[in-house]
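Q: File follows, my_file-v2.txt with compact mmCIF, C-alpha atoms and all ligand atoms:
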```
# COMPACT_ATOMS: atom_id res chain seq x y z
CA MET M 52 -119.85 -65.53 -99.70
CA ARG M 53 -123.42 -65.75 -100.95
CA PHE M 54 -126.53 -63.57 -100.87
CA ALA M 55 -130.30 -63.85 -101.24
CA SER M 56 -133.36 -61.63 -101.01
CA LEU M 57 -136.45 -61.97 -98.84
CA GLY M 58 -138.21 -59.50 -101.13
CA SER M 59 -137.46 -56.26 -102.97
CA GLY M 60 -139.65 -53.27 -103.82
CA SER M 61 -141.61 -50.45 -102.23
CA LYS M 62 -143.63 -52.89 -100.07
CA GLY M 63 -140.59 -54.24 -98.24
CA ASN M 64 -136.90 -55.00 -98.63
CA ALA M 65 -134.54 -57.40 -96.91
CA THR M 66 -131.31 -59.00 -98.15
CA LEU M 67 -129.22 -61.76 -96.58
CA LEU M 68 -125.45 -62.06 -96.96
CA GLU M 69 -123.56 -64.95 -95.46
CA THR M 70 -120.17 -66.64 -95.20
CA GLU M 71 -119.09 -69.75 -93.29
CA GLN M 72 -118.83 -67.60 -90.14
CA SER M 73 -121.60 -65.06 -90.27
CA CYS M 74 -125.03 -64.14 -91.58
CA ILE M 75 -126.01 -60.50 -92.01
CA LEU M 76 -129.47 -59.11 -92.73
CA ILE M 77 -129.53 -55.81 -94.59
CA ASP M 78 -132.78 -53.91 -93.93
CA CYS M 79 -136.05 -55.48 -92.86
CA GLY M 80 -139.24 -53.99 -94.25
CA PHE M 81 -141.37 -56.95 -93.19
CA SER M 82 -143.17 -57.92 -89.97
CA ILE M 83 -141.53 -60.53 -87.72
CA LYS M 84 -143.92 -63.26 -88.89
CA GLU M 85 -143.31 -62.40 -92.52
CA THR M 86 -139.52 -62.23 -92.00
CA GLU M 87 -139.50 -65.64 -90.31
CA ARG M 88 -141.56 -67.10 -93.14
CA ARG M 89 -139.33 -65.63 -95.83
CA MET M 90 -136.12 -66.67 -94.05
CA THR M 91 -137.40 -70.24 -93.68
CA ARG M 92 -137.83 -70.30 -97.46
CA LEU M 93 -134.07 -69.65 -97.69
CA GLY M 94 -133.18 -72.25 -95.06
CA ARG M 95 -132.40 -69.64 -92.40
CA ALA M 96 -133.92 -68.39 -89.16
CA PRO M 97 -133.51 -65.01 -87.40
CA SER M 98 -131.56 -66.79 -84.65
CA ASP M 99 -128.78 -67.36 -87.26
CA LEU M 100 -128.18 -63.60 -87.62
CA THR M 101 -124.86 -62.03 -86.66
CA ALA M 102 -126.08 -58.47 -87.29
CA ILE M 103 -128.73 -56.32 -88.94
CA LEU M 104 -127.60 -53.38 -91.08
CA VAL M 105 -130.00 -50.55 -91.93
CA THR M 106 -129.63 -48.30 -94.97
CA HIS M 107 -132.23 -45.66 -93.98
CA GLU M 108 -135.43 -45.07 -92.04
CA HIS M 109 -138.09 -45.48 -94.76
CA SER M 110 -140.62 -48.07 -93.62
CA ASP M 111 -140.00 -50.44 -96.54
CA HIS M 112 -136.50 -50.90 -95.03
CA ILE M 113 -136.91 -50.44 -91.28
CA LYS M 114 -140.37 -51.68 -90.31
CA GLY M 115 -139.28 -55.04 -88.87
CA VAL M 116 -135.77 -54.10 -87.66
CA LEU M 117 -136.33 -53.25 -84.01
CA PRO M 118 -138.94 -55.97 -83.29
CA LEU M 119 -136.57 -58.53 -84.82
CA ALA M 120 -133.51 -57.19 -82.97
CA ARG M 121 -135.40 -57.30 -79.65
CA LYS M 122 -136.88 -60.74 -80.10
CA TYR M 123 -133.63 -62.37 -81.26
CA LYS M 124 -131.10 -60.07 -79.50
CA VAL M 125 -129.25 -59.02 -82.66
CA PRO M 126 -127.10 -55.85 -82.89
CA VAL M 127 -128.34 -53.19 -85.35
CA TYR M 128 -125.84 -51.06 -87.26
CA CYS M 129 -126.74 -47.77 -88.93
CA SER M 130 -125.76 -44.13 -89.23
CA TYR M 131 -126.50 -41.65 -86.44
CA GLY M 132 -129.15 -39.93 -88.57
CA THR M 133 -130.92 -43.19 -89.44
CA GLY M 134 -130.71 -44.29 -85.79
CA GLU M 135 -132.14 -41.00 -84.61
CA HIS M 136 -134.91 -40.71 -87.16
CA GLY M 137 -135.73 -44.43 -87.22
CA GLN M 138 -136.06 -44.61 -83.42
CA LEU M 139 -133.21 -47.09 -83.15
CA ARG M 140 -130.58 -44.95 -81.47
CA LEU M 141 -131.89 -45.27 -77.92
CA SER M 142 -132.12 -49.04 -78.13
CA HIS M 143 -129.22 -50.89 -76.52
CA HIS M 144 -129.07 -52.98 -79.74
CA TRP M 145 -127.92 -49.93 -81.73
CA ARG M 146 -124.33 -49.69 -83.02
CA HIS M 147 -123.03 -46.57 -84.70
CA LEU M 148 -121.89 -46.70 -88.33
CA GLU M 149 -119.83 -43.82 -89.66
CA LEU M 150 -120.40 -43.34 -93.39
CA GLY M 151 -117.25 -43.81 -95.46
CA ALA M 152 -115.48 -45.80 -92.72
CA ALA M 153 -115.29 -49.57 -93.26
CA ILE M 154 -115.84 -51.86 -90.27
CA ASP M 155 -115.50 -55.59 -89.74
CA ILE M 156 -118.62 -57.59 -88.92
CA GLY M 157 -118.03 -61.30 -88.43
CA GLY M 158 -115.02 -61.30 -90.78
CA ILE M 159 -116.79 -59.32 -93.54
CA SER M 160 -115.54 -55.84 -94.35
CA VAL M 161 -118.56 -53.52 -94.51
CA MET M 162 -118.28 -50.12 -96.19
CA PRO M 163 -121.25 -47.78 -95.67
CA VAL M 164 -121.43 -45.46 -98.69
CA ALA M 165 -123.36 -42.18 -98.45
CA VAL M 166 -126.11 -41.82 -101.08
CA PRO M 167 -128.41 -38.98 -102.15
CA HIS M 168 -131.91 -40.01 -100.99
CA ASP M 169 -134.68 -38.19 -99.15
CA ALA M 170 -133.89 -39.63 -95.70
CA ARG M 171 -131.87 -38.28 -92.75
CA GLU M 172 -128.44 -39.92 -93.26
CA PRO M 173 -128.92 -42.75 -95.77
CA CYS M 174 -126.23 -45.12 -96.98
CA GLN M 175 -125.79 -48.24 -99.07
CA PHE M 176 -123.20 -50.98 -98.63
CA VAL M 177 -120.18 -52.58 -100.28
CA PHE M 178 -119.10 -55.86 -98.65
CA SER M 179 -115.72 -57.56 -99.10
CA TYR M 180 -114.72 -61.02 -98.03
CA ARG M 181 -111.69 -62.99 -99.24
CA LYS M 182 -111.08 -60.70 -102.23
CA LYS M 183 -114.70 -60.91 -103.39
CA THR M 184 -116.94 -57.87 -103.34
CA PHE M 185 -120.71 -57.56 -103.20
CA GLY M 186 -122.34 -54.18 -103.80
CA LEU M 187 -125.87 -53.39 -102.67
CA LEU M 188 -127.24 -50.18 -104.14
CA THR M 189 -130.88 -49.09 -103.96
CA ASP M 190 -132.78 -45.99 -102.83
CA LEU M 191 -130.75 -43.19 -104.40
CA GLY M 192 -131.81 -40.46 -106.79
CA SER M 193 -128.54 -39.95 -108.64
CA ILE M 194 -125.10 -41.48 -108.99
CA THR M 195 -122.52 -39.33 -107.26
CA PRO M 196 -118.72 -39.59 -107.77
CA VAL M 197 -118.45 -41.29 -104.35
CA VAL M 198 -120.99 -43.93 -105.37
CA ARG M 199 -119.28 -44.46 -108.72
CA GLU M 200 -115.90 -44.92 -107.05
CA HIS M 201 -117.11 -47.50 -104.50
CA TYR M 202 -119.16 -49.65 -106.88
CA GLN M 203 -116.64 -50.00 -109.73
CA ARG M 204 -115.07 -53.29 -108.73
CA CYS M 205 -117.87 -55.63 -107.66
CA ASP M 206 -118.15 -59.37 -108.26
CA ALA M 207 -121.89 -59.21 -107.64
CA LEU M 208 -124.27 -56.29 -107.61
CA LEU M 209 -127.81 -55.73 -106.41
CA LEU M 210 -128.82 -52.61 -108.28
CA GLU M 211 -131.90 -50.40 -108.11
CA CYS M 212 -133.81 -50.02 -111.38
CA ASN M 213 -136.79 -48.27 -109.87
CA HIS M 214 -138.60 -46.77 -112.81
CA ASP M 215 -138.76 -46.21 -116.52
CA VAL M 216 -138.80 -42.44 -117.14
CA THR M 217 -141.70 -42.60 -119.64
CA MET M 218 -143.80 -44.94 -117.51
CA LEU M 219 -143.32 -42.69 -114.48
CA ALA M 220 -144.28 -39.58 -116.49
CA ASN M 221 -147.43 -41.23 -117.90
CA GLY M 222 -148.23 -43.28 -114.80
CA PRO M 223 -150.79 -42.91 -112.01
CA TYR M 224 -148.66 -41.05 -109.41
CA PRO M 225 -149.66 -37.48 -108.45
CA TYR M 226 -147.34 -34.77 -109.78
CA SER M 227 -145.55 -34.21 -106.45
CA LEU M 228 -144.74 -37.90 -106.05
CA LYS M 229 -143.47 -38.09 -109.66
CA GLN M 230 -141.14 -35.18 -108.84
CA ARG M 231 -139.95 -36.91 -105.67
CA VAL M 232 -139.34 -40.34 -107.20
CA GLY M 233 -137.71 -38.96 -110.36
CA GLY M 234 -135.63 -36.30 -108.57
CA ASP M 235 -131.96 -36.37 -107.56
CA TRP M 236 -132.89 -37.46 -104.01
CA GLY M 237 -135.47 -40.08 -105.07
CA HIS M 238 -134.87 -43.33 -106.94
CA LEU M 239 -132.73 -44.50 -109.87
CA ASN M 240 -134.35 -44.93 -113.26
CA ASN M 241 -133.24 -47.70 -115.63
CA GLN M 242 -130.85 -45.45 -117.58
CA GLN M 243 -129.18 -44.09 -114.45
CA ALA M 244 -128.68 -47.65 -113.21
CA ALA M 245 -127.12 -48.63 -116.55
CA SER M 246 -124.82 -45.61 -116.42
CA LEU M 247 -123.24 -46.91 -113.20
CA LEU M 248 -121.86 -49.79 -115.28
CA GLU M 249 -120.26 -47.53 -117.92
CA ASP M 250 -116.90 -47.40 -116.17
CA ALA M 251 -117.27 -50.40 -113.86
CA GLU M 252 -115.23 -53.60 -114.23
CA VAL M 253 -118.16 -55.44 -115.79
CA ALA M 254 -116.18 -58.55 -116.77
CA ARG M 255 -115.91 -59.32 -113.03
CA LEU M 256 -119.66 -59.35 -112.48
CA GLN M 257 -120.98 -62.84 -111.74
CA HIS M 258 -124.45 -61.61 -110.79
CA VAL M 259 -126.35 -58.41 -111.43
CA VAL M 260 -129.73 -58.36 -109.74
CA ILE M 261 -132.27 -55.74 -110.78
CA ALA M 262 -133.87 -54.55 -107.53
CA HIS M 263 -136.41 -52.16 -105.98
CA LEU M 264 -138.41 -52.24 -109.19
CA SER M 265 -141.61 -50.16 -109.13
CA GLU M 266 -144.73 -52.24 -109.80
CA LYS M 267 -146.50 -49.24 -111.37
CA ASN M 268 -143.69 -47.44 -113.18
CA ASN M 269 -141.45 -50.19 -114.56
CA THR M 270 -141.34 -53.74 -115.88
CA PRO M 271 -138.56 -56.32 -115.50
CA ALA M 272 -138.30 -56.42 -119.31
CA LEU M 273 -137.66 -52.65 -119.61
CA ALA M 274 -135.04 -52.73 -116.84
CA ARG M 275 -133.38 -55.70 -118.50
CA MET M 276 -133.27 -53.89 -121.86
CA ALA M 277 -131.36 -51.03 -120.22
CA ILE M 278 -128.88 -53.13 -118.24
CA GLU M 279 -128.17 -56.08 -120.52
CA PRO M 280 -126.19 -54.14 -123.19
CA MET M 281 -123.78 -52.99 -120.47
CA LEU M 282 -122.81 -56.54 -119.46
CA VAL M 283 -120.22 -58.96 -120.82
CA ASN M 284 -122.25 -61.94 -119.64
CA SER M 285 -126.00 -61.49 -119.97
CA ASP M 286 -126.59 -64.76 -118.06
CA ALA M 287 -125.46 -62.85 -114.96
CA LEU M 288 -128.65 -60.78 -115.04
CA LEU M 289 -131.78 -61.52 -113.04
CA SER M 290 -134.43 -59.52 -111.24
CA ALA M 291 -135.58 -59.51 -107.63
CA ASP M 292 -139.25 -59.95 -106.95
CA GLN M 293 -141.38 -58.22 -104.28
CA GLU M 294 -142.95 -61.46 -103.11
CA ALA M 295 -140.32 -64.08 -103.92
CA GLY M 296 -137.07 -62.06 -103.63
CA PHE M 297 -134.50 -64.43 -105.10
CA ASP M 298 -132.74 -67.58 -103.99
CA TRP M 299 -129.11 -67.82 -102.81
CA LEU M 300 -126.49 -66.69 -105.30
CA ASP M 301 -122.88 -67.79 -104.74
CA ILE M 302 -120.03 -65.39 -105.35
CA ALA M 303 -117.29 -67.82 -106.38
ZN ZN Z 1 -137.00 -48.30 -100.51
ZN ZN Z 2 -136.11 -45.03 -99.36
```
With the file now loaded, output its structure as structure tokens.
A:
Amino acid sequence: MRFASLGSGSKGNATLLETEQSCILIDCGFSIKETERRMTRLGRAPSDLTAILVTHEHSDHIKGVLPLARKYKVPVYCSYGTGEHGQLRLSHHWRHLELGAAIDIGGISVMPVAVPHDAREPCQFVFSYRKKTFGLLTDLGSITPVVREHYQRCDALLLECNHDVTMLANGPYPYSLKQRVGGDWGHLNNQQAASLLEDAEVARLQHVVIAHLSEKNNTPALARMAIEPMLVNSDALLSADQEAGFDWLDIA
């Protein structure tokens, strides 16, 4: 199993996960043209896709989903609430995902985990394939017991480090947006992200990718300073870029 990013941040998110048998796209916050361009960079094309999974209906995650599904005839999996609010549910490409119930997509076990975020029925995903586990966790305002339980035993993790608390407080956002982003239904700050690793099996982690980093309220260096002390192997740490995403990472 291996994974890569087409881009990560408030201007668009999309992650690829693949095995010998299948290739899954998680979210697509880019236009079709942009998605094709970014997939080409990773040696893939939308026609390779087995399925598209959607975490929630915010435009940085959903913008390109339906156009891509229609053009390339790919099934789209998401919760009822995301389907309803993201205008996906009436499409014949839509497949229902029940949060907390794992399903098999192309040989990969996919667990949709409910998260606290200001969307209709948002989730994030834990994927398992041949005893290896990849956790994708962005767009949540706090770490609930359910989240903690599901993300404890990952071999690779893509983890939101959205903002630094001080930078957000002193930054350019209006008060209401600061409250939203920093609230329990907004986005994880660096310290919250680090706290997920407190009781996780960190020795297992081959890759930890800092993701969904705010360009105005955080820096890769600050996020790294928070996460690195939690890890056994600091070489495992890298950060995802809005423009470049990151290249394929193998989970051995
Ligand atoms: Zn987002
Ligand atoms: Zn969101």
Q: Show me a table, sorted first by chain and then by increasing residue number, of the residues of chain M having an atom at most 8 Å from ligand ZN 2 (chain Z), each with its shortest atom pair and the distance in Å to one decimal, counting only C-alpha atoms and all ligand atoms and written as a Markdown table.
A:
```
| residue | atom | partner | partner_atom | distance |
| --- | --- | --- | --- | --- |
| M:His107 | CA | Z:ZN2 | ZN | 6.7 |
| M:Glu108 | CA | Z:ZN2 | ZN | 7.4 |
| M:His109 | CA | Z:ZN2 | ZN | 5.0 |
| M:Ser110 | CA | Z:ZN2 | ZN | 7.9 |
| M:Asp111 | CA | Z:ZN2 | ZN | 7.2 |
| M:His112 | CA | Z:ZN2 | ZN | 7.3 |
| M:His168 | CA | Z:ZN2 | ZN | 6.7 |
| M:Asp169 | CA | Z:ZN2 | ZN | 7.0 |
| M:Ala170 | CA | Z:ZN2 | ZN | 6.9 |
| M:Asp190 | CA | Z:ZN2 | ZN | 4.9 |
| M:Leu191 | CA | Z:ZN2 | ZN | 7.6 |
| M:Gly237 | CA | Z:ZN2 | ZN | 7.6 |
| M:His238 | CA | Z:ZN2 | ZN | 7.9 |
```
Q: Measure the distance from CA of Leu228 (chain M) to CA of Gly63 (chain M) in Å and round it to one decimal.
A: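 These two atoms are separated by 18.6 Å.
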Q: Have a look at M:Glu200, M:Glu85, M:Asp215, M:Glu294 and name the one nearest to Pro271 (chain M); count all atoms listed in the file.
A: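 The closest residue to Pro271 (chain M) is M:Asp215.
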Q: Could you pull the residues within 6 Å of Leu57 (chain M), counting all atoms listed in the file, minus those fewer than 2 positions along the same chain, as a count of residues only?
A: 4
Q: What is the CA of Phe185 (chain M) to CA of Gly233 (chain M) distance in Å?
A: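 Interatomic distance here is 26.2 Å.
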Q: Kindly indicate which residue among M:Leu148, M:Leu76, M:Ala287, M:Cys212 lies nearest to ligand ZN 1 (chain Z), using all atoms listed in the file for the distances.
A: M:Cys212
Q: Between CA of Gly80 (chain M) and CA of Gly134 (chain M), what is the spacing in Å?
A: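 Going from CA of Gly134 (chain M) over to CA of Gly80 (chain M) covers 15.4 Å.
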Q: Choose the residue, out of M:Glu252, M:Lys124, M:Leu209, M:Leu104, that has the smallest atom-to-atom separation from Met162 (chain M); count only C-alpha atoms.
A: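 The shortest atom-to-atom distance to Met162 (chain M) comes from M:Leu104.
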Q: Ranking M:His136, M:Lys62, M:His258, M:Lys267 by minimum distance to ligand ZN 1 (chain Z) and counting all atoms listed in the file, which one comes first?
A: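 Looking only at the distances to ligand ZN 1 (chain Z), the closest residue turns out to be M:Lys62.
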Q: Which is closer to Gly115 (chain M) than all the others in M:Lys84, M:Arg146, M:Arg53, M:Lys229, using all atoms listed in the file?
A: M:Lys84
Q: Which residue out of M:Leu264, M:Ile194, M:Ala274, M:Val161 has the minimum interatomic distance to Glu249 (chain M) when all atoms listed in the file are used?
A: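 Of M:Leu264, M:Ile194, M:Ala274, M:Val161, the one nearest Glu249 (chain M) is M:Ile194, counting all atoms listed in the file.
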Q: Excluding Leu187 (chain M) and any residue of its chain fewer than 3 positions from it, enumerate the residues within 8 Å of it, using only C-alpha atoms, and give them as an MDAnalysis selection string.
A: chainID M and resid 175:177 208:210
Q: Enclose the full set of atoms of region 100-110 of chain M listed in the file within a box whose edges lie along x, y and z, apply 8 Å of padding to each of the six sides, and report centre and edge lengths in Å to one decimal as lines of an AutoDock Vina configuration file.
A:
```
center_x = -132.7
center_y = -54.3
center_z = -90.8
size_x = 31.8
size_y = 34.5
size_z = 24.3
```
Q: Considering all atoms listed in the file, return as a compact mmCIF listing (two decimals) with C-alpha atoms, in the coordinates of the input whatever protein or nucleic-acid residues lie within 9 Å of Leu289 (chain M), sequence-local ones (same chain, fewer than 4 positions apart) excluded.
A:
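What ended up in out.txt:
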```
# COMPACT_ATOMS: atom_id res chain seq x y z
CA HIS M 258 -124.45 -61.61 -110.79
CA VAL M 259 -126.35 -58.41 -111.43
CA VAL M 260 -129.73 -58.36 -109.74
CA ILE M 261 -132.27 -55.74 -110.78
CA PRO M 271 -138.56 -56.32 -115.50
CA ARG M 275 -133.38 -55.70 -118.50
CA PHE M 297 -134.50 -64.43 -105.10
```
Q: Find the residues around Tyr123 (chain M) up to 9 Å (all atoms listed in the file counted), leave out those fewer than 3 positions away in its own chain, and share them as a PDB file with C-alpha atoms, keeping the file's coordinate frame.
A:
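Below is the file around_18.pdb, written as the result:
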```pdb
ATOM      1  CA  PRO M  97    -133.510 -65.010 -87.400  1.00  0.00           C
ATOM      2  CA  SER M  98    -131.560 -66.790 -84.650  1.00  0.00           C
ATOM      3  CA  LEU M 100    -128.180 -63.600 -87.620  1.00  0.00           C
ATOM      4  CA  PRO M 118    -138.940 -55.970 -83.290  1.00  0.00           C
ATOM      5  CA  LEU M 119    -136.570 -58.530 -84.820  1.00  0.00           C
ATOM      6  CA  ALA M 120    -133.510 -57.190 -82.970  1.00  0.00           C
TER       7      ALA M 120
END
```
Q: Is it possible to add N, CA and C atoms to region 117-136 of chain M and hand it back as a short mmCIF file (atom, residue, chain, number, x, y, z; two decimals), keeping the file's coordinate frame?
A:
```
data_model
loop_
_atom_site.label_atom_id
_atom_site.label_comp_id
_atom_site.auth_asym_id
_atom_site.auth_seq_id
_atom_site.Cartn_x
_atom_site.Cartn_y
_atom_site.Cartn_z
N LEU M 117 -136.40 -53.26 -85.47
CA LEU M 117 -136.33 -53.25 -84.01
C LEU M 117 -137.06 -54.44 -83.37
N PRO M 118 -138.28 -54.77 -83.85
CA PRO M 118 -138.94 -55.97 -83.29
C PRO M 118 -138.07 -57.22 -83.43
N LEU M 119 -137.41 -57.36 -84.58
CA LEU M 119 -136.57 -58.53 -84.82
C LEU M 119 -135.33 -58.51 -83.92
N ALA M 120 -134.71 -57.33 -83.81
CA ALA M 120 -133.51 -57.19 -82.97
C ALA M 120 -133.83 -57.51 -81.52
N ARG M 121 -135.00 -57.05 -81.04
CA ARG M 121 -135.40 -57.30 -79.65
C ARG M 121 -135.69 -58.77 -79.40
N LYS M 122 -136.47 -59.35 -80.31
CA LYS M 122 -136.88 -60.74 -80.10
C LYS M 122 -135.68 -61.69 -80.15
N TYR M 123 -134.75 -61.42 -81.07
CA TYR M 123 -133.63 -62.37 -81.26
C TYR M 123 -132.30 -61.84 -80.75
N LYS M 124 -132.32 -60.65 -80.09
CA LYS M 124 -131.10 -60.07 -79.50
C LYS M 124 -129.95 -59.95 -80.51
N VAL M 125 -130.24 -59.21 -81.59
CA VAL M 125 -129.25 -59.02 -82.66
C VAL M 125 -128.83 -57.55 -82.68
N PRO M 126 -127.52 -57.25 -82.79
CA PRO M 126 -127.10 -55.85 -82.89
C PRO M 126 -127.53 -55.22 -84.22
N VAL M 127 -127.88 -53.93 -84.17
CA VAL M 127 -128.34 -53.19 -85.35
C VAL M 127 -127.36 -52.07 -85.66
N TYR M 128 -126.81 -52.07 -86.85
CA TYR M 128 -125.84 -51.06 -87.26
C TYR M 128 -126.46 -50.08 -88.25
N CYS M 129 -126.34 -48.78 -87.96
CA CYS M 129 -126.74 -47.77 -88.93
C CYS M 129 -126.12 -46.42 -88.58
N SER M 130 -126.30 -45.47 -89.47
CA SER M 130 -125.76 -44.13 -89.23
C SER M 130 -126.47 -43.47 -88.06
N TYR M 131 -125.89 -42.41 -87.54
CA TYR M 131 -126.50 -41.65 -86.44
C TYR M 131 -127.87 -41.11 -86.88
N GLY M 132 -127.91 -40.52 -88.08
CA GLY M 132 -129.15 -39.93 -88.57
C GLY M 132 -130.26 -40.96 -88.74
N THR M 133 -129.93 -42.12 -89.28
CA THR M 133 -130.92 -43.19 -89.44
C THR M 133 -131.35 -43.69 -88.06
N GLY M 134 -130.41 -43.84 -87.15
CA GLY M 134 -130.71 -44.29 -85.79
C GLY M 134 -131.64 -43.33 -85.09
N GLU M 135 -131.36 -42.04 -85.25
CA GLU M 135 -132.14 -41.00 -84.61
C GLU M 135 -133.55 -40.95 -85.19
N HIS M 136 -133.63 -40.89 -86.51
CA HIS M 136 -134.91 -40.71 -87.16
C HIS M 136 -135.72 -42.00 -87.22
#
```
